[in-house]
Structures are given as structure tokens and as C-alpha cells.
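Read through the structure below, which is laid out as C-alpha cells, and then see the notes.
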Amino acid sequence: MSADRDLILHEMGLGPLWRLRVPQDAAELASSPIVAGAADALPSTTRVADAGADWESLAASVRDCRKCGLCVARKQAVLGVGDIKADWLFVGEGPGAEEDQRGEPFVGQAGKLLDNMLAAIGLRRGNDVYIANAVKCRPPENRTPDAEEMAACRSFLERQIALIRPKLIVALGRPAAQTLLESEVKIAAARGRVHAYQGIPLVVTYHPAYLLRNLPDKAKAWEDLCHMRRVMRELKGG
Ligand code: URA
Ligand code: SF4
């Protein structure tokens, strides 16, 4: 178990630093189920069809959507992936090249880090976790989606949240936080607190792609992971 944890933290480029700063939480994690190699067990996005008519019609609407300019260059729209009854909903920004190609969110480099972040708090893609994006189509050159594009796509995310009814939403990065909270958000100021999206508790943290470029902030992301795990425990009644 502890070897797994060391491996995960090593992959995140942060093992010793994280353990030094938060010994209590690290010790706690030693007793939690840590799952390595989460990417091996990816559920198929076709699972959305299992959920019945609502998911089917949502998936069809997203697949055929032309509500914003991002429809032009996409290979395919990427609705989301995971457990449609999940307590945890993670929301990123928008598909990148690999996601556009494969039709699943967070399958590139940032996705690998996200999987490792999930594993560090005993979570795993598809198992009580659903992963979606603020926009469902890839912005060209991986630019940040603009306000109009996010507004055009927002109803799909709203519908996903209404269907999943997660206990906790985690906004990964500023665009996701801003579209969900409908306000200006600075991650540094907003992290570590519990916000709400239509009555559902919501926390914000750094986007994994940002963390890949800004190693020092990984320590803060670790704090955020511990925070969100505490929040979930409280939501589940301790
Ligand atoms: N970054 C995101 O925000 N979402 C993805 O699906 C992949 C990378
Ligand atoms: Fe439609 Fe959203 Fe794709 Fe724009 S990004 S075309 S709103 S699915």
C-alpha cells in the first residue's frame, strides 16, 4: 500500500515534499484504498446509454450540437465519462487533441495527472467519480474557451449535474469554476473554501494542466485534495 502511494506521489513529482508538509494526511492516506493504474479500467463512454432516455437524449444533443463555433473543428463532442451515480463530479475546461480523438475527457498528459490525483485520495475514474468539461468540443490550439462558448455549452453541464446529482463538485481551474459559479474566480482566493452550485457543495482547485507547468503549486493541490476528501467525509456524515 505504502509502495503504491510512493509511486503515485513520485509520478506526480511531489512525493517527499507532500509527505513533509502534511504528515497527518499522508499517514491517513496509508490506510485508504489507493488504486494504481486507474487508466487500465476506463469505462466506455457508451455507458451513458445505460442510464435511459435522459442520458441518451443528452448524448444525442451534444453529439449533434452546433450551438457555438467550436463545432466546426471538432472531430467529436466529448460529453463526459464515469459513474452516472457518482458522489464526485470533476469538471475541467474542454477536450484537448487526444480527448477530441478518443471521445473521452482527460486522457492525455493532464488526464494522467488527474488519475493520479484521484488515486491519491482513494478515488478512481468511473468508480463513484464522473468527469466532465465546461465545453464539450475542443477549442482550436487548446486555447481557453471564451465566455460565449462556455455560455452556449453550459446547459449541457447543468443537465449532467441534474442527472448525476453529485454530493460534491470539484471545479478544475478557472474556466470551470467561473462557469459553475457564474462569477469571476481566482483559484488562489477560492480554493480551500466550500462554494455552492445550486445547493450542491463545490470546491475549486488548480487544473492539472496548470500543475504540470507550475510544479510548486502541486503542494497546494495536495492540500486541496485533502480538503475535498474531508468535505466529502462530512457530507457523508463523518
Ligand atoms: N483538459 C481539460 O480541461 N479537459 C480535458 O478533457 C482534457 C484536458
Ligand atoms: Fe455545442 Fe458545447 Fe460543442 Fe459548442 S462546445 S458546439 S455548445 S457541444
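Ligands are numbered from 1 in the order shown, residues from 1 within each chain, and chains are lettered A, B, ... in the order they appear in the C-alpha cells.
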
Legend entry - Contacts of ligand 2, 12 Å or closer, only C-alpha atoms and all ligand atoms, given as JSON, numbers by chain: {"A": [58, 59, 60, 61, 62, 63, 64, 65, 66, 67, 68, 69, 70, 71, 72, 73, 74, 75, 76, 77, 78, 79, 80, 93, 94, 95, 100, 132, 133, 134, 135, 136, 137, 138, 139, 140, 144, 145, 146, 147, 148, 149, 150, 151, 152, 153, 154, 155, 156, 157, 158]}

For the interface of chain A with ligand 1 (cut-off 7 Å, counting only C-alpha atoms and all ligand atoms), please tabulate each contacting residue of chain A alongside its nearest pair of atoms and their separation in Å to one decimal, rows sorted by chain and increasing number, as JSON lines.
{"residue": "A:Gly92", "atom": "CA", "partner": "ligand 1", "partner_atom_place_in_ligand_line": "3 (O)", "distance": 3.8}
{"residue": "A:Glu93", "atom": "CA", "partner": "ligand 1", "partner_atom_place_in_ligand_line": "3 (O)", "distance": 3.4}
{"residue": "A:Gly94", "atom": "CA", "partner": "ligand 1", "partner_atom_place_in_ligand_line": "4 (N)", "distance": 4.4}
{"residue": "A:Pro95", "atom": "CA", "partner": "ligand 1", "partner_atom_place_in_ligand_line": "6 (O)", "distance": 4.0}
{"residue": "A:Gly96", "atom": "CA", "partner": "ligand 1", "partner_atom_place_in_ligand_line": "7 (C)", "distance": 5.1}
{"residue": "A:Glu99", "atom": "CA", "partner": "ligand 1", "partner_atom_place_in_ligand_line": "6 (O)", "distance": 5.8}
{"residue": "A:Glu104", "atom": "CA", "partner": "ligand 1", "partner_atom_place_in_ligand_line": "6 (O)", "distance": 6.9}
{"residue": "A:Pro105", "atom": "CA", "partner": "ligand 1", "partner_atom_place_in_ligand_line": "6 (O)", "distance": 3.4}
{"residue": "A:Phe106", "atom": "CA", "partner": "ligand 1", "partner_atom_place_in_ligand_line": "6 (O)", "distance": 3.8}
{"residue": "A:Val107", "atom": "CA", "partner": "ligand 1", "partner_atom_place_in_ligand_line": "7 (C)", "distance": 6.5}
{"residue": "A:Gly108", "atom": "CA", "partner": "ligand 1", "partner_atom_place_in_ligand_line": "7 (C)", "distance": 6.5}
{"residue": "A:Ala110", "atom": "CA", "partner": "ligand 1", "partner_atom_place_in_ligand_line": "8 (C)", "distance": 5.6}
{"residue": "A:Gly111", "atom": "CA", "partner": "ligand 1", "partner_atom_place_in_ligand_line": "7 (C)", "distance": 6.2}
{"residue": "A:Asn133", "atom": "CA", "partner": "ligand 1", "partner_atom_place_in_ligand_line": "4 (N)", "distance": 5.7}
{"residue": "A:Ala209", "atom": "CA", "partner": "ligand 1", "partner_atom_place_in_ligand_line": "1 (N)", "distance": 6.6}

Inset, instruction - Tell me, in Å to one decimal, how far CA of Tyr130 (chain A) is from CA of Leu212 (chain A). - result: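 Computed distance, CA of Tyr130 (chain A) to CA of Leu212 (chain A), equals 21.9 Å.
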
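Using only C-alpha atoms, the residues found no farther than 9 Å from Ala190 (chain A), other than those of its own chain fewer than 3 positions away, are A:Val185, A:Lys186, A:Ile187, A:Arg193, A:Val194, A:His195, A:Val203, A:Val204, A:Thr205.
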
Inset, instruction - Please indicate the distance in Å from CA of Asp115 (chain A) to CA of Ala196 (chain A), rounded to one decimal place. - result: 24.3 Å

Could you find all residues in region 28-203 of chain A that DSSP calls helix (DSSP H, G or I) from the backbone, and write them as a compact mmCIF listing (two decimals) with N, CA and C atoms, in the first residue's frame?
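Produced file selection05.txt, reproduced below:
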# COMPACT_ATOMS: atom_id res chain seq x y z
N GLU A 28 -2.84 9.20 7.11
CA GLU A 28 -4.23 8.81 6.94
C GLU A 28 -4.43 8.09 5.61
N LEU A 29 -3.74 8.60 4.61
CA LEU A 29 -3.90 8.00 3.28
C LEU A 29 -3.36 6.58 3.22
N ALA A 30 -2.40 6.30 4.10
CA ALA A 30 -1.80 4.96 4.07
C ALA A 30 -2.86 3.91 4.33
N ALA A 38 -5.26 3.29 -12.74
CA ALA A 38 -6.69 3.50 -12.96
C ALA A 38 -7.03 3.53 -14.44
N ALA A 39 -6.08 4.00 -15.24
CA ALA A 39 -6.37 4.16 -16.67
C ALA A 39 -6.62 2.82 -17.36
N ASP A 40 -6.19 1.72 -16.71
CA ASP A 40 -6.42 0.41 -17.33
C ASP A 40 -7.88 0.02 -17.34
N ALA A 41 -8.64 0.62 -16.46
CA ALA A 41 -10.02 0.16 -16.28
C ALA A 41 -11.03 1.22 -16.69
N THR A 45 -17.44 5.26 -22.77
CA THR A 45 -18.37 6.38 -22.76
C THR A 45 -19.76 5.93 -23.19
N THR A 46 -19.84 4.76 -23.83
CA THR A 46 -21.16 4.28 -24.25
C THR A 46 -22.04 3.96 -23.05
N ARG A 47 -21.41 3.89 -21.85
CA ARG A 47 -22.19 3.64 -20.65
C ARG A 47 -23.32 4.65 -20.46
N VAL A 48 -23.16 5.83 -21.00
CA VAL A 48 -24.21 6.83 -20.81
C VAL A 48 -25.54 6.30 -21.32
N ALA A 49 -25.52 5.45 -22.33
CA ALA A 49 -26.76 4.95 -22.89
C ALA A 49 -27.50 4.04 -21.90
N ASP A 50 -26.74 3.44 -20.95
CA ASP A 50 -27.38 2.54 -19.98
C ASP A 50 -28.36 3.28 -19.08
N ALA A 51 -28.18 4.56 -18.97
CA ALA A 51 -28.92 5.30 -17.96
C ALA A 51 -30.32 5.66 -18.39
N ALA A 53 -33.41 7.18 -21.08
CA ALA A 53 -33.73 8.17 -22.10
C ALA A 53 -33.08 9.52 -21.87
N ASP A 54 -32.98 9.96 -20.62
CA ASP A 54 -32.45 11.29 -20.38
C ASP A 54 -31.00 11.40 -20.83
N TRP A 55 -30.23 10.40 -20.46
CA TRP A 55 -28.82 10.43 -20.86
C TRP A 55 -28.70 10.24 -22.37
N GLU A 56 -29.54 9.38 -22.90
CA GLU A 56 -29.49 9.15 -24.35
C GLU A 56 -29.78 10.43 -25.12
N SER A 57 -30.80 11.15 -24.69
CA SER A 57 -31.14 12.37 -25.44
C SER A 57 -30.08 13.44 -25.21
N LEU A 58 -29.52 13.49 -24.00
CA LEU A 58 -28.45 14.45 -23.75
C LEU A 58 -27.24 14.13 -24.64
N ALA A 59 -26.88 12.86 -24.69
CA ALA A 59 -25.73 12.46 -25.50
C ALA A 59 -25.97 12.79 -26.97
N ALA A 60 -27.20 12.57 -27.44
CA ALA A 60 -27.51 12.87 -28.85
C ALA A 60 -27.45 14.37 -29.10
N SER A 61 -27.97 15.16 -28.15
CA SER A 61 -27.95 16.62 -28.34
C SER A 61 -26.52 17.13 -28.39
N VAL A 62 -25.67 16.59 -27.54
CA VAL A 62 -24.28 17.05 -27.52
C VAL A 62 -23.57 16.60 -28.80
N ARG A 63 -23.81 15.37 -29.18
CA ARG A 63 -23.15 14.84 -30.38
C ARG A 63 -23.44 15.70 -31.61
N ASP A 64 -24.68 16.15 -31.73
CA ASP A 64 -25.08 16.89 -32.93
C ASP A 64 -25.05 18.40 -32.75
N GLY A 69 -19.19 28.03 -32.18
CA GLY A 69 -18.21 27.84 -33.24
C GLY A 69 -17.27 26.66 -33.03
N LEU A 70 -17.21 26.15 -31.81
CA LEU A 70 -16.30 25.03 -31.54
C LEU A 70 -16.73 23.76 -32.29
N CYS A 71 -17.95 23.75 -32.80
CA CYS A 71 -18.42 22.56 -33.53
C CYS A 71 -17.67 22.40 -34.86
N ALA A 97 -6.50 17.61 -27.78
CA ALA A 97 -6.38 16.82 -29.01
C ALA A 97 -6.71 15.34 -28.79
N GLU A 98 -6.16 14.76 -27.72
CA GLU A 98 -6.38 13.33 -27.51
C GLU A 98 -7.82 13.03 -27.11
N GLU A 99 -8.40 13.95 -26.35
CA GLU A 99 -9.78 13.77 -25.94
C GLU A 99 -10.71 13.86 -27.16
N ASP A 100 -10.40 14.81 -28.04
CA ASP A 100 -11.17 15.00 -29.27
C ASP A 100 -11.09 13.75 -30.15
N GLN A 101 -9.92 13.15 -30.13
CA GLN A 101 -9.68 11.94 -30.92
C GLN A 101 -10.40 10.73 -30.32
N ARG A 102 -10.32 10.61 -29.00
CA ARG A 102 -10.83 9.38 -28.35
C ARG A 102 -12.24 9.50 -27.80
N GLN A 109 -1.94 13.96 -21.13
CA GLN A 109 -1.00 14.17 -20.03
C GLN A 109 -1.69 14.68 -18.77
N ALA A 110 -2.55 15.69 -18.96
CA ALA A 110 -3.27 16.25 -17.81
C ALA A 110 -4.16 15.19 -17.19
N GLY A 111 -4.69 14.31 -18.04
CA GLY A 111 -5.56 13.25 -17.55
C GLY A 111 -4.82 12.24 -16.70
N LYS A 112 -3.58 12.01 -17.09
CA LYS A 112 -2.76 11.08 -16.31
C LYS A 112 -2.54 11.65 -14.90
N LEU A 113 -2.26 12.94 -14.87
CA LEU A 113 -2.09 13.57 -13.56
C LEU A 113 -3.41 13.55 -12.78
N LEU A 114 -4.52 13.82 -13.47
CA LEU A 114 -5.81 13.78 -12.78
C LEU A 114 -6.06 12.39 -12.20
N ASP A 115 -5.79 11.34 -12.97
CA ASP A 115 -5.96 9.98 -12.46
C ASP A 115 -5.10 9.75 -11.21
N ASN A 116 -3.89 10.29 -11.23
CA ASN A 116 -3.02 10.13 -10.06
C ASN A 116 -3.52 10.94 -8.86
N MET A 117 -4.07 12.11 -9.15
CA MET A 117 -4.65 12.91 -8.06
C MET A 117 -5.82 12.16 -7.43
N LEU A 118 -6.66 11.59 -8.29
CA LEU A 118 -7.80 10.81 -7.78
C LEU A 118 -7.29 9.64 -6.94
N ALA A 119 -6.30 8.93 -7.48
CA ALA A 119 -5.77 7.77 -6.77
C ALA A 119 -5.22 8.15 -5.40
N ALA A 120 -4.62 9.33 -5.32
CA ALA A 120 -4.02 9.76 -4.05
C ALA A 120 -5.05 9.92 -2.94
N PRO A 140 -9.79 25.11 -30.74
CA PRO A 140 -8.60 25.01 -31.59
C PRO A 140 -7.34 25.45 -30.85
N GLU A 141 -6.26 24.78 -31.11
CA GLU A 141 -4.96 25.05 -30.46
C GLU A 141 -5.05 24.99 -28.94
N ASN A 142 -6.04 24.31 -28.43
CA ASN A 142 -6.22 24.18 -26.98
C ASN A 142 -6.31 25.51 -26.26
N ALA A 147 -16.05 33.22 -23.23
CA ALA A 147 -17.26 33.30 -22.40
C ALA A 147 -18.50 32.87 -23.19
N GLU A 148 -18.54 33.26 -24.46
CA GLU A 148 -19.71 32.90 -25.28
C GLU A 148 -19.83 31.40 -25.47
N GLU A 149 -18.68 30.76 -25.73
CA GLU A 149 -18.68 29.30 -25.92
C GLU A 149 -19.10 28.59 -24.63
N MET A 150 -18.59 29.08 -23.53
CA MET A 150 -18.94 28.43 -22.25
C MET A 150 -20.42 28.63 -21.95
N ALA A 151 -20.92 29.82 -22.27
CA ALA A 151 -22.36 30.07 -22.03
C ALA A 151 -23.20 29.17 -22.93
N ALA A 152 -22.76 28.99 -24.18
CA ALA A 152 -23.52 28.16 -25.12
C ALA A 152 -23.59 26.72 -24.64
N CYS A 153 -22.52 26.27 -24.01
CA CYS A 153 -22.41 24.86 -23.61
C CYS A 153 -22.93 24.60 -22.20
N ARG A 154 -23.20 25.65 -21.47
CA ARG A 154 -23.49 25.49 -20.04
C ARG A 154 -24.68 24.59 -19.75
N SER A 155 -25.70 24.67 -20.60
CA SER A 155 -26.92 23.90 -20.31
C SER A 155 -26.63 22.39 -20.32
N PHE A 156 -25.64 21.97 -21.10
CA PHE A 156 -25.32 20.54 -21.11
C PHE A 156 -24.70 20.11 -19.78
N LEU A 157 -23.83 20.97 -19.26
CA LEU A 157 -23.22 20.67 -17.96
C LEU A 157 -24.29 20.69 -16.87
N GLU A 158 -25.19 21.67 -16.96
CA GLU A 158 -26.29 21.75 -15.98
C GLU A 158 -27.11 20.47 -16.00
N ARG A 159 -27.38 19.99 -17.21
CA ARG A 159 -28.18 18.78 -17.36
C ARG A 159 -27.44 17.56 -16.76
N GLN A 160 -26.15 17.50 -17.02
CA GLN A 160 -25.36 16.40 -16.44
C GLN A 160 -25.43 16.44 -14.92
N ILE A 161 -25.29 17.62 -14.36
CA ILE A 161 -25.30 17.74 -12.90
C ILE A 161 -26.67 17.34 -12.35
N ALA A 162 -27.72 17.76 -13.06
CA ALA A 162 -29.07 17.42 -12.61
C ALA A 162 -29.30 15.91 -12.66
N LEU A 163 -28.72 15.25 -13.64
CA LEU A 163 -28.90 13.79 -13.77
C LEU A 163 -28.04 13.02 -12.75
N ILE A 164 -26.83 13.48 -12.54
CA ILE A 164 -25.92 12.77 -11.65
C ILE A 164 -26.25 13.06 -10.18
N ARG A 174 -9.87 27.74 -13.51
CA ARG A 174 -10.69 28.93 -13.50
C ARG A 174 -11.92 28.86 -14.41
N PRO A 175 -11.77 28.43 -15.68
CA PRO A 175 -12.96 28.42 -16.54
C PRO A 175 -14.10 27.57 -15.96
N ALA A 176 -13.77 26.39 -15.45
CA ALA A 176 -14.82 25.54 -14.86
C ALA A 176 -15.45 26.23 -13.66
N ALA A 177 -14.60 26.81 -12.81
CA ALA A 177 -15.11 27.48 -11.61
C ALA A 177 -16.01 28.65 -12.00
N GLN A 178 -15.59 29.40 -13.00
CA GLN A 178 -16.36 30.59 -13.38
C GLN A 178 -17.69 30.23 -14.02
N THR A 179 -17.70 29.20 -14.84
CA THR A 179 -18.96 28.86 -15.49
C THR A 179 -19.93 28.28 -14.47
N LEU A 180 -19.41 27.54 -13.49
CA LEU A 180 -20.31 26.95 -12.48
C LEU A 180 -20.77 27.97 -11.45
N LEU A 181 -19.89 28.86 -11.07
CA LEU A 181 -20.25 29.83 -10.03
C LEU A 181 -20.81 31.11 -10.63
N ILE A 187 -8.42 31.26 -8.55
CA ILE A 187 -8.26 29.98 -7.86
C ILE A 187 -7.56 30.18 -6.51
N ALA A 188 -6.51 31.01 -6.50
CA ALA A 188 -5.75 31.18 -5.26
C ALA A 188 -6.64 31.66 -4.12
N ALA A 189 -7.63 32.49 -4.45
CA ALA A 189 -8.51 33.02 -3.40
C ALA A 189 -9.67 32.07 -3.11
N ALA A 190 -10.08 31.30 -4.11
CA ALA A 190 -11.31 30.50 -3.97
C ALA A 190 -11.05 29.10 -3.42

Legend entry - Distance in Å - CA of Asn127 (chain A) versus CA of Asp217 (chain A): 26.9 Å

Inset, instruction - Determine the nearest neighbour of Pro166 (chain A) from the options A:Gly103, A:Pro208, A:Pro201, A:Gly122, counting only C-alpha atoms. - result: A:Pro201

Legend entry - Selection: 6 Å around Gly126 (chain A), only C-alpha atoms, excl. self and same-chain fewer than 3 positions, as a ChimeraX atom specification: /A:82-83,129

Inset, instruction - From a DSSP calculation on the backbone, collect every residue of region 64-165 of chain A in strand (DSSP E or B) and output the set as a VMD selection string. - result: chain A and resid 80 to 82 88 to 92 124 127 129 to 133
